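J.: Got a structure for you, questions after.
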There are 2 protein chains.
Amino acid sequence: MEQVARRVTIADVAERAGVSKTAVSFAFNNPDRLNVDTATRILGIAQELGYRPDPVARMLTQRRTGSIGILTPQDLSVIFTNPFFGAFSAGIAGVAEERGYGLHFISPLQGSLTRAIHRAIVDGVVAIGLTDDHPEIDEVRRAGLPMVLVDSATTGDAASIDVDDEGGARLAAAHLLELGHRDLAILAIDGPRSAGGGAHGVVERRMRGYRETLAVAGIDLPADAIAIGPASIDGGREAFERVWDAGRRPTAVLAMSDAMAIGAIRAIHQRGSSVPGEVSVVGFDDIDLAASTDPPLTTVHQPVQGKGEAAVRLLLSVMEGSSQAPVHRRLETRLVVRSSTGPVAQVGRR
Amino acid sequence: MEQVARRVTIADVAERAGVSKTAVSFAFNNPDRLNVDTATRILGIAQELGYRPDPVARMLTQRRTGSIGILTPQDLSVIFTNPFFGAFSAGIAGVAEERGYGLHFISPLQGSLTRAIHRAIVDGVVAIGLTDDHPEIDEVRRAGLPMVLVDSATTGDAASIDVDDEGGARLAAAHLLELGHRDLAILAIDGPRSAGGGAHGVVERRMRGYRETLAVAGIDLPADAIAIGPASIDGGREAFERVWDAGRRPTAVLAMSDAMAIGAIRAIHQRGSSVPGEVSVVGFDDIDLAASTDPPLTTVHQPVQGKGEAAVRLLLSVMEGSSQAPVHRRLETRLVVRSSTGPVAQVGRR
DNA sequence: TAGGGTCCGTAAACCGGTTTGCTAAACCGG
DNA sequence: CCGGTTTAGCAAACCGGTTTACGGACCCTA
């Protein structure tokens with residue numbers, strides 16, 4: 001056994017090769033500045049010694065890290081459970097990889113997002129689900145990191161990518177109204193975004209879309225027809241159970257995410273009701289699996305993966321400093337009608 | 001406008017406060033060594049100047065990065081599309097966050113995984129789906145990084161977490177045999193693991209489980225009853241279409257992932273056949289959504305999230321150097337029967 | 001043969017922190 | 001009033017690279 005393996009440094013290689021550190025550095029990064037023989041000799045020795053330039057030291061001098069951060073206000077353990085996030089990440093990863101950037105997830109470490117931000121080794125940040133007025137966003141800004149806000153509905157100094165949440169929600173509500181439903185429930189997404197976030201987060205926008213559309217039809221939902229929960233299958237199931245337990249028997253459900261919609265469907269089935277026979281359900285996101293659920297989900301489509309791609313592209317352009325005024329893009333949403341919604345059941349059957 | 005914002009360094013704070021760099025450093029990391037007044041004064045000035053210790057510089061001296069890497073042989077853009085991976089990541093993230101570690105994904109950058117490994121700023125690595133003999137694994141080893149192999153079936157010097165793939169596959173095949181199926185198709189997972197990976201990757205193990213069980217019943221599948229594709233919905237759909245187009249009309253399908261199973265079901269429906277009426281399908285993984293598909297999926301359950309958790313726990317223990325002999329753990333699998341499988345259709349109906 | 005380019009390589013400064021002695025002053029009991 | 005112990009803070013080395021500025025050797029040319 002060797003003694004405790006000390007890392008091989010550039011100095012070791014230099015000494016062994018009888019050259020300066022500079023020469024070794026050049027051999028790796030700037031071989032043209034060296035005699036070709038010297039360069040290959042150095043590289044050979046480096047290889048033989050198992051030398052790898054320490055990426056941290058390299059970063060320190062070059063002042064770039066080669067990776068971009070994804071900032072989420074919620075624990076990754078919950079976030080990764082949502083298929084929506086997988087697709088979004090896939091979008092980000094695709095263009096990041098292609099451009100040579102690694103991916104680093106920044107989430108509350110032991111409860112503190114701020115702390116995670118300070119620890120983060122990234123050249124730029126894509127923040128998802130954090131509104132502009134969040135203190136953490138300010139933290140990023142003060143750290144001088146380029147940033148793009150996703151789903152924040154900002155028009156501030158930070159670039160942003162959004163989706164027409166309100167419009168999508170309108171479509172969903174209108175669809176149910178057309179089918180004759182008047183007794184609805186809303187399953188809203190829980191999370192720091194709405195807690196800390198002021199009046200214009202994703203949740204608020206979708207909620208506004210729902211309510212205003214219903215209001216036009218003269219419907220004003222009581223408080224116990226609205227339940228809040230995490231954007232997961234279980235979250236949706238529990239949220240639906242709460243409105244059920246409150247004694248409400250809606251004929252249709254507006255869920256703010258497909259995962260929640262699926263949870264609601266499970267709960268409905270479990271209570272012996274059928275979808276869409278007795279209860280219609282419409283989701284939000286249109287994840288890959290939405291077409292394969294039982295029954296296939298009627299939902300509001302948003303370009304999830306495209307959103308991720310657009311966000312990184314925008315971030316990269318900000319990082320390259322080609323920015324004058326901050327860019328704000330809004331992507332479209334549309335309703336996809338499948339089989340989880342249908343006409344309201346015959347009156348009086350209940 | 002200020003002139004180009006230069007980062008505030010520790011020296012700036014020191015100068016402004018009329019103390020040494022040491023004092024500033026102490027104020028942040030070791031306040032007890034300073035007079036309490038001095039410490040608060042320094043902190044105050046730091047705050048006022050907007051000073052944040054540069055995490056990279058800090059890492060250089062402390063020789064730790066505070067994050068762990070997830071190494072995947074495939075592009076993240078495809079990997080994230082598989083719900084299996086989301087659950088796995090959630091497991092990893094949960095314990096990593098709790099222990100104060102960030103998460104960094106290491107995937108082929110511009111085609112080169114080796115390059116990504118050298119760039120990676122991590123204290124340890126969880127490698128998923130890479131067998132021990134992969135050259136990249138060696139690269140990590142030579143970089144001196146602690147590592148845990150997941151789904152690699154290794155018994156080498158690196159710690160590992162596995163799952164009883166072969167046993168699970170046996171259960172799946174036996175289940176179909178019991179239902180009377182004798183004309184089967186297998187949808188296998190494509191990927192670098194099987195290409196580079198030698199004869200004992202996940203795919204090989206599952207395949208062996210399938211084939212040996214079938215062999216006992218005297219069944220030997222022809223080559224065109226086996227199709228390979230990426231572990232995604234589309235991958236499964238296309239794979240099934242290939243066996244269909246080859247003229248085969250299996251009464252049952254063994255898919256190596258739930259995503260592929262769902263894709264197969266879509267393809268079957270699209271051809272006007274029913275599941276499980278005319279064709280039975282069994283998946284692998286038991287992702288969250290498997291219970292909510294149409295029809296609910298019969299599948300081999302593996303503790304995906306638990307696998308991630310176990311991997312990080314193991315990695316952390318390796319990182320703490322509490323290792324003597326390398327640990328190899330194997331988690332159990334079991335069959336979950338839902339509604340995508342049923343008895344073989346009446347003979348002669350075809 | 002002086003002057004001007006290349007070519008090859010080096011010493012030293014630098015990136016932005018942390019950590020290790022070390023010292024000067026204040027404090028303390030006898 | 002003295003030797004010994006704390007307390008508070010500093011200078012300098014260090015982490016492991018990159019980059020700048022410089023110089024010697026060699027070759028051409030006028």
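Here, A, B, ... name the chains of the structure tokens in the order displayed, residue numbers run from 1 inside each chain, and ligands are numbered from 1 in the same displayed order.
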Each residue of segment 15-118 of chain B lying at most 12 Å from segment 4-16 of chain D should get a row with its shortest atom-to-atom pair and the distance in Å to one decimal, counting only C-alpha atoms (C1' of nucleotides); could you produce that, ordered by chain and increasing number, as a tab-separated table?
T.:
residue	atom	partner	partner_atom	distance
B:Gly18	CA	D:DG9	C1'	11.4
B:Val19	CA	D:DG9	C1'	8.2
B:Ser20	CA	D:DC10	C1'	6.5
B:Lys21	CA	D:DC10	C1'	9.0
B:Thr22	CA	D:DC10	C1'	7.6
B:Ala23	CA	D:DG9	C1'	6.9
B:Val24	CA	D:DG9	C1'	10.6
B:Ser25	CA	D:DG9	C1'	11.9
B:Phe26	CA	D:DG9	C1'	10.2
B:Ala27	CA	D:DG9	C1'	11.6
B:Pro31	CA	D:DA8	C1'	11.4
B:Asp32	CA	D:DA8	C1'	10.3
B:Arg33	CA	D:DA8	C1'	7.4
B:Leu34	CA	D:DA8	C1'	6.1
B:Asn35	CA	D:DA8	C1'	6.5
B:Val36	CA	D:DA8	C1'	10.2
B:Asp37	CA	D:DA8	C1'	11.3
B:Thr38	CA	D:DA8	C1'	9.5
B:Ala39	CA	D:DA8	C1'	10.9
B:Val56	CA	D:DC15	C1'	11.3
B:Ala57	CA	D:DC15	C1'	8.8
B:Arg58	CA	D:DC15	C1'	9.5
B:Met59	CA	D:DC15	C1'	9.0
B:Leu60	CA	D:DC15	C1'	5.6
B:Thr61	CA	D:DC15	C1'	4.8
B:Gln62	CA	D:DC15	C1'	8.1
B:Arg63	CA	D:DC15	C1'	8.1
B:Arg64	CA	D:DC15	C1'	11.5
J.: Segment 269-278 of chain A: which residues within 7 Å, counting only C-alpha atoms (C1' of nucleotides), same-chain residues fewer than 4 positions away excluded, as a ChimeraX atom specification?
T.: /A:251,265,340-342,345
J.: Check which residues of chain C sit at most 8 Å from chain B using only C-alpha atoms (C1' of nucleotides), and return one row each with the closest pair of atoms and their distance in Å to one decimal, ordered by chain and rising number, as JSON lines.
T.:
{"residue": "C:DC15", "atom": "C1'", "partner": "B:Ala57", "partner_atom": "CA", "distance": 8.0}
{"residue": "C:DG16", "atom": "C1'", "partner": "B:Ala57", "partner_atom": "CA", "distance": 5.2}
{"residue": "C:DG17", "atom": "C1'", "partner": "B:Ala57", "partner_atom": "CA", "distance": 4.9}
{"residue": "C:DT18", "atom": "C1'", "partner": "B:Thr61", "partner_atom": "CA", "distance": 6.0}
J.: Which residues are close to Ile226 of chain A, i.e. within 8 Å by only C-alpha atoms (C1' of nucleotides), leaving aside same-chain residues fewer than 6 positions away? Reply as number ranges by chain.
T.: A: 185-188, 243
J.: For chain B against chain A, which residues fall within 6 Å using only C-alpha atoms, given as a ChimeraX atom specification?
T.: /B:55,76-77,80-81,86-87,90,93-94,97-98,100,103-105,109-110,119,292-294
J.: Please produce a file of those selected residues containing N, CA and C atoms, as a PDB file, in the first residue's frame.
T.:
ATOM      1  N   PRO B  55     -17.628  31.129  -3.194  1.00  0.00           N
ATOM      2  CA  PRO B  55     -17.668  29.709  -2.853  1.00  0.00           C
ATOM      3  C   PRO B  55     -16.542  28.912  -3.500  1.00  0.00           C
ATOM      4  N   LEU B  76     -28.998  13.723 -20.320  1.00  0.00           N
ATOM      5  CA  LEU B  76     -30.039  14.009 -19.345  1.00  0.00           C
ATOM      6  C   LEU B  76     -31.370  14.255 -20.020  1.00  0.00           C
ATOM      7  N   SER B  77     -31.315  14.801 -21.208  1.00  0.00           N
ATOM      8  CA  SER B  77     -32.577  15.125 -21.867  1.00  0.00           C
ATOM      9  C   SER B  77     -33.388  13.863 -22.119  1.00  0.00           C
ATOM     10  N   PHE B  80     -34.207  12.245 -18.156  1.00  0.00           N
ATOM     11  CA  PHE B  80     -35.224  12.919 -17.357  1.00  0.00           C
ATOM     12  C   PHE B  80     -36.634  12.618 -17.839  1.00  0.00           C
ATOM     13  N   THR B  81     -36.695  12.110 -19.028  1.00  0.00           N
ATOM     14  CA  THR B  81     -37.993  11.814 -19.604  1.00  0.00           C
ATOM     15  C   THR B  81     -38.583  10.544 -19.015  1.00  0.00           C
ATOM     16  N   GLY B  86     -36.892  10.102 -12.299  1.00  0.00           N
ATOM     17  CA  GLY B  86     -37.371  11.123 -11.387  1.00  0.00           C
ATOM     18  C   GLY B  86     -37.466  10.588  -9.972  1.00  0.00           C
ATOM     19  N   ALA B  87     -38.042   9.420  -9.834  1.00  0.00           N
ATOM     20  CA  ALA B  87     -38.195   8.833  -8.506  1.00  0.00           C
ATOM     21  C   ALA B  87     -36.828   8.525  -7.896  1.00  0.00           C
ATOM     22  N   ALA B  90     -35.303  11.673  -6.790  1.00  0.00           N
ATOM     23  CA  ALA B  90     -35.979  12.154  -5.596  1.00  0.00           C
ATOM     24  C   ALA B  90     -35.398  11.468  -4.364  1.00  0.00           C
ATOM     25  N   ALA B  93     -31.966  12.974  -3.795  1.00  0.00           N
ATOM     26  CA  ALA B  93     -32.068  14.357  -3.354  1.00  0.00           C
ATOM     27  C   ALA B  93     -32.500  14.449  -1.898  1.00  0.00           C
ATOM     28  N   GLY B  94     -33.432  13.603  -1.527  1.00  0.00           N
ATOM     29  CA  GLY B  94     -33.945  13.662  -0.163  1.00  0.00           C
ATOM     30  C   GLY B  94     -32.835  13.566   0.864  1.00  0.00           C
ATOM     31  N   GLU B  97     -30.016  16.446   0.493  1.00  0.00           N
ATOM     32  CA  GLU B  97     -30.418  17.742   1.040  1.00  0.00           C
ATOM     33  C   GLU B  97     -30.353  17.746   2.561  1.00  0.00           C
ATOM     34  N   GLU B  98     -30.870  16.679   3.102  1.00  0.00           N
ATOM     35  CA  GLU B  98     -30.906  16.571   4.551  1.00  0.00           C
ATOM     36  C   GLU B  98     -29.498  16.621   5.142  1.00  0.00           C
ATOM     37  N   GLY B 100     -27.064  18.227   3.765  1.00  0.00           N
ATOM     38  CA  GLY B 100     -26.393  19.458   3.373  1.00  0.00           C
ATOM     39  C   GLY B 100     -25.634  19.404   2.059  1.00  0.00           C
ATOM     40  N   LEU B 103     -26.796  18.831  -5.449  1.00  0.00           N
ATOM     41  CA  LEU B 103     -26.820  17.759  -6.440  1.00  0.00           C
ATOM     42  C   LEU B 103     -26.312  18.261  -7.782  1.00  0.00           C
ATOM     43  N   HIS B 104     -25.380  17.511  -8.346  1.00  0.00           N
ATOM     44  CA  HIS B 104     -24.838  17.906  -9.646  1.00  0.00           C
ATOM     45  C   HIS B 104     -24.965  16.730 -10.606  1.00  0.00           C
ATOM     46  N   PHE B 105     -25.508  16.989 -11.772  1.00  0.00           N
ATOM     47  CA  PHE B 105     -25.671  15.899 -12.726  1.00  0.00           C
ATOM     48  C   PHE B 105     -24.524  15.870 -13.711  1.00  0.00           C
ATOM     49  N   LEU B 109     -21.081  15.551 -21.839  1.00  0.00           N
ATOM     50  CA  LEU B 109     -21.095  16.918 -22.341  1.00  0.00           C
ATOM     51  C   LEU B 109     -20.600  16.915 -23.766  1.00  0.00           C
ATOM     52  N   GLN B 110     -21.431  17.379 -24.631  1.00  0.00           N
ATOM     53  CA  GLN B 110     -21.048  17.388 -26.034  1.00  0.00           C
ATOM     54  C   GLN B 110     -20.457  16.048 -26.443  1.00  0.00           C
ATOM     55  N   ARG B 119     -14.585  17.821 -15.400  1.00  0.00           N
ATOM     56  CA  ARG B 119     -15.097  19.133 -15.051  1.00  0.00           C
ATOM     57  C   ARG B 119     -15.833  19.128 -13.718  1.00  0.00           C
ATOM     58  N   SER B 292     -52.192   4.169 -12.248  1.00  0.00           N
ATOM     59  CA  SER B 292     -53.207   5.054 -12.818  1.00  0.00           C
ATOM     60  C   SER B 292     -53.273   5.011 -14.331  1.00  0.00           C
ATOM     61  N   THR B 293     -52.574   4.085 -14.919  1.00  0.00           N
ATOM     62  CA  THR B 293     -52.621   4.026 -16.370  1.00  0.00           C
ATOM     63  C   THR B 293     -53.870   3.296 -16.820  1.00  0.00           C
ATOM     64  N   ASP B 294     -54.082   3.301 -18.099  1.00  0.00           N
ATOM     65  CA  ASP B 294     -55.253   2.628 -18.663  1.00  0.00           C
ATOM     66  C   ASP B 294     -54.800   1.461 -19.526  1.00  0.00           C
TER      67      ASP B 294
END
J.: If you run DSSP on the backbone here, which positions in segment 130-259 of chain B get strand (DSSP E)? Please write them as a list in words.
T.: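 So, restricting segment 130-259 of chain B to strand (DSSP E), we get Met147, Val148, Leu149, Val150, Ala159, Ser160, Ile161, Asp162, Val163, Leu184, Ala185, Ile186, Leu187, Ala188, Ile189, Ile226, Ala227, Ile228, Gly229, Ala252, Val253, Leu254 and Ala255 of chain B.
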J.: Excluding same-chain residues fewer than 5 positions from Gln324 of chain B, what lies within 12 Å of it counting only C-alpha atoms (C1' of nucleotides), as a list in words?
T.: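 Here the answer would be Asp157, Ala158, Ala159, Ser317, Val318 and Met319 of chain B.
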J.: Can you list every residue in segment 79-304 of chain A that DSSP puts in helix (DSSP H, G or I), as a PDB file with C-alpha atoms, in the first residue's frame?
T.:
ATOM      1  CA  ILE A  79     -40.093  18.308  -6.922  1.00  0.00           C
ATOM      2  CA  PRO A  83     -43.423  14.429 -13.846  1.00  0.00           C
ATOM      3  CA  PHE A  84     -43.855  18.003 -14.922  1.00  0.00           C
ATOM      4  CA  PHE A  85     -40.485  18.797 -13.481  1.00  0.00           C
ATOM      5  CA  GLY A  86     -38.846  15.914 -15.251  1.00  0.00           C
ATOM      6  CA  ALA A  87     -39.933  17.222 -18.598  1.00  0.00           C
ATOM      7  CA  PHE A  88     -38.896  20.732 -17.703  1.00  0.00           C
ATOM      8  CA  SER A  89     -35.478  19.518 -16.610  1.00  0.00           C
ATOM      9  CA  ALA A  90     -35.136  17.493 -19.752  1.00  0.00           C
ATOM     10  CA  GLY A  91     -35.654  20.666 -21.739  1.00  0.00           C
ATOM     11  CA  ILE A  92     -33.038  22.512 -19.752  1.00  0.00           C
ATOM     12  CA  ALA A  93     -30.593  19.642 -19.853  1.00  0.00           C
ATOM     13  CA  GLY A  94     -30.864  19.236 -23.583  1.00  0.00           C
ATOM     14  CA  VAL A  95     -29.598  22.642 -24.504  1.00  0.00           C
ATOM     15  CA  ALA A  96     -27.253  22.918 -21.538  1.00  0.00           C
ATOM     16  CA  GLU A  97     -25.454  19.743 -22.517  1.00  0.00           C
ATOM     17  CA  GLU A  98     -25.266  20.766 -26.109  1.00  0.00           C
ATOM     18  CA  LEU A 113     -32.451  28.306   0.221  1.00  0.00           C
ATOM     19  CA  THR A 114     -30.315  31.362   0.788  1.00  0.00           C
ATOM     20  CA  ARG A 115     -27.550  29.229   2.088  1.00  0.00           C
ATOM     21  CA  ALA A 116     -27.821  26.951  -0.905  1.00  0.00           C
ATOM     22  CA  ILE A 117     -27.516  29.944  -3.190  1.00  0.00           C
ATOM     23  CA  HIS A 118     -24.319  31.071  -1.549  1.00  0.00           C
ATOM     24  CA  ARG A 119     -22.834  27.630  -1.830  1.00  0.00           C
ATOM     25  CA  PRO A 135     -36.084  37.558  -1.157  1.00  0.00           C
ATOM     26  CA  GLU A 136     -34.092  34.673  -2.580  1.00  0.00           C
ATOM     27  CA  ILE A 137     -34.276  36.171  -6.026  1.00  0.00           C
ATOM     28  CA  ASP A 138     -32.724  39.265  -4.615  1.00  0.00           C
ATOM     29  CA  GLU A 139     -30.019  37.157  -3.121  1.00  0.00           C
ATOM     30  CA  VAL A 140     -29.142  35.802  -6.534  1.00  0.00           C
ATOM     31  CA  ARG A 141     -29.211  39.249  -8.003  1.00  0.00           C
ATOM     32  CA  ARG A 142     -26.878  40.588  -5.359  1.00  0.00           C
ATOM     33  CA  ASP A 165     -51.574  30.322 -17.323  1.00  0.00           C
ATOM     34  CA  GLU A 166     -54.587  32.486 -17.031  1.00  0.00           C
ATOM     35  CA  GLY A 167     -55.699  31.808 -20.575  1.00  0.00           C
ATOM     36  CA  GLY A 168     -55.219  28.085 -20.109  1.00  0.00           C
ATOM     37  CA  ALA A 169     -57.241  28.127 -16.941  1.00  0.00           C
ATOM     38  CA  ARG A 170     -60.024  29.982 -18.720  1.00  0.00           C
ATOM     39  CA  LEU A 171     -60.147  27.339 -21.403  1.00  0.00           C
ATOM     40  CA  ALA A 172     -60.375  24.598 -18.822  1.00  0.00           C
ATOM     41  CA  ALA A 173     -63.172  26.281 -16.921  1.00  0.00           C
ATOM     42  CA  ALA A 174     -65.059  27.196 -20.056  1.00  0.00           C
ATOM     43  CA  HIS A 175     -64.859  23.621 -21.255  1.00  0.00           C
ATOM     44  CA  LEU A 176     -66.532  22.367 -18.097  1.00  0.00           C
ATOM     45  CA  LEU A 177     -69.174  25.068 -18.241  1.00  0.00           C
ATOM     46  CA  GLU A 178     -70.027  24.067 -21.773  1.00  0.00           C
ATOM     47  CA  PRO A 192     -43.696  28.538  -1.053  1.00  0.00           C
ATOM     48  CA  ARG A 193     -44.500  30.378  -4.210  1.00  0.00           C
ATOM     49  CA  SER A 194     -47.946  31.262  -3.022  1.00  0.00           C
ATOM     50  CA  ALA A 195     -46.886  31.638   0.554  1.00  0.00           C
ATOM     51  CA  GLY A 196     -44.088  34.090   0.042  1.00  0.00           C
ATOM     52  CA  GLY A 198     -47.523  37.771  -3.592  1.00  0.00           C
ATOM     53  CA  ALA A 199     -50.487  37.950  -5.829  1.00  0.00           C
ATOM     54  CA  HIS A 200     -49.183  36.948  -9.198  1.00  0.00           C
ATOM     55  CA  VAL A 202     -48.674  30.644 -11.185  1.00  0.00           C
ATOM     56  CA  VAL A 203     -51.287  29.547  -8.718  1.00  0.00           C
ATOM     57  CA  GLU A 204     -52.842  32.953  -8.529  1.00  0.00           C
ATOM     58  CA  ARG A 205     -52.919  33.328 -12.292  1.00  0.00           C
ATOM     59  CA  ARG A 206     -54.568  30.008 -12.858  1.00  0.00           C
ATOM     60  CA  MET A 207     -56.960  30.667 -10.046  1.00  0.00           C
ATOM     61  CA  ARG A 208     -57.899  33.961 -11.577  1.00  0.00           C
ATOM     62  CA  GLY A 209     -58.522  32.300 -14.909  1.00  0.00           C
ATOM     63  CA  TYR A 210     -60.801  29.750 -13.302  1.00  0.00           C
ATOM     64  CA  ARG A 211     -62.753  32.146 -11.136  1.00  0.00           C
ATOM     65  CA  GLU A 212     -63.293  34.871 -13.643  1.00  0.00           C
ATOM     66  CA  THR A 213     -64.593  32.433 -16.193  1.00  0.00           C
ATOM     67  CA  LEU A 214     -66.921  30.918 -13.659  1.00  0.00           C
ATOM     68  CA  ALA A 215     -67.977  34.336 -12.480  1.00  0.00           C
ATOM     69  CA  VAL A 216     -69.176  35.225 -15.951  1.00  0.00           C
ATOM     70  CA  ALA A 223     -64.266  28.267   0.177  1.00  0.00           C
ATOM     71  CA  ASP A 224     -64.708  24.580   0.889  1.00  0.00           C
ATOM     72  CA  ALA A 225     -64.852  23.768  -2.809  1.00  0.00           C
ATOM     73  CA  ILE A 233     -50.585  12.322  -6.969  1.00  0.00           C
ATOM     74  CA  ASP A 234     -51.020  11.989  -3.255  1.00  0.00           C
ATOM     75  CA  GLY A 235     -51.419  15.705  -2.908  1.00  0.00           C
ATOM     76  CA  GLY A 236     -54.269  15.630  -5.390  1.00  0.00           C
ATOM     77  CA  ARG A 237     -55.919  12.665  -3.750  1.00  0.00           C
ATOM     78  CA  GLU A 238     -55.848  14.241  -0.348  1.00  0.00           C
ATOM     79  CA  ALA A 239     -57.030  17.583  -1.604  1.00  0.00           C
ATOM     80  CA  PHE A 240     -60.020  15.967  -3.273  1.00  0.00           C
ATOM     81  CA  GLU A 241     -60.784  14.020  -0.138  1.00  0.00           C
ATOM     82  CA  ARG A 242     -60.886  17.221   1.819  1.00  0.00           C
ATOM     83  CA  VAL A 243     -63.548  18.754  -0.363  1.00  0.00           C
ATOM     84  CA  TRP A 244     -65.447  15.475  -0.293  1.00  0.00           C
ATOM     85  CA  ASP A 245     -65.222  15.301   3.469  1.00  0.00           C
ATOM     86  CA  ASP A 258     -51.860  16.597 -14.013  1.00  0.00           C
ATOM     87  CA  ALA A 259     -50.377  14.802 -11.054  1.00  0.00           C
ATOM     88  CA  MET A 260     -53.094  16.233  -8.843  1.00  0.00           C
ATOM     89  CA  ALA A 261     -55.719  15.387 -11.406  1.00  0.00           C
ATOM     90  CA  ILE A 262     -54.580  11.792 -11.408  1.00  0.00           C
ATOM     91  CA  GLY A 263     -54.703  11.750  -7.636  1.00  0.00           C
ATOM     92  CA  ALA A 264     -58.220  13.113  -7.738  1.00  0.00           C
ATOM     93  CA  ILE A 265     -59.272  10.429 -10.192  1.00  0.00           C
ATOM     94  CA  ARG A 266     -57.905   7.797  -7.863  1.00  0.00           C
ATOM     95  CA  ALA A 267     -59.878   9.217  -4.995  1.00  0.00           C
ATOM     96  CA  ILE A 268     -63.017   9.372  -7.103  1.00  0.00           C
ATOM     97  CA  HIS A 269     -62.673   5.781  -8.229  1.00  0.00           C
ATOM     98  CA  GLN A 270     -62.006   4.747  -4.687  1.00  0.00           C
ATOM     99  CA  ASP A 288     -46.346  12.664 -21.422  1.00  0.00           C
ATOM    100  CA  LEU A 289     -48.397  10.202 -19.479  1.00  0.00           C
ATOM    101  CA  ALA A 290     -51.579  12.240 -19.584  1.00  0.00           C
ATOM    102  CA  ALA A 291     -52.619  10.398 -22.728  1.00  0.00           C
ATOM    103  CA  SER A 292     -52.187   7.040 -21.045  1.00  0.00           C
ATOM    104  CA  VAL A 304     -43.076  22.119 -20.671  1.00  0.00           C
TER     105      VAL A 304
END
J.: Go ahead and compute the interatomic distance for atom CA of Val282 of chain A and atom CA of Thr298 of chain A, in Å to one decimal.
T.: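 These atoms are spaced 5.1 Å apart.
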J.: When you draw a straight line from atom CA of Glu309 of chain A to atom CA of His134 of chain A, how long is it in Å?
T.: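 Distance between the two atoms: 23.6 Å.
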J.: Would you work out the distance separating atom C1' of DC26 of chain D from atom C1' of DA12 of chain C, expressed in Å to one decimal?
T.: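 Interatomic distance here is 26.0 Å.
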J.: Which residues come within 12 Å of DC28 of chain D, counting only C-alpha atoms (C1' of nucleotides), excluding same-chain residues fewer than 4 positions away, as an mmCIF file with C-alpha atoms (C1' of nucleotides), in the first residue's frame?
T.:
data_model
loop_
_atom_site.group_PDB
_atom_site.id
_atom_site.type_symbol
_atom_site.label_atom_id
_atom_site.label_comp_id
_atom_site.auth_asym_id
_atom_site.auth_seq_id
_atom_site.Cartn_x
_atom_site.Cartn_y
_atom_site.Cartn_z
ATOM 1 C "C1'" DG C 3 18.768 44.998 -35.610
ATOM 2 C "C1'" DG C 4 14.443 42.657 -35.640
ATOM 3 C "C1'" DG C 5 11.458 38.489 -35.523
ATOM 4 C "C1'" DT C 6 10.122 33.858 -33.932
#
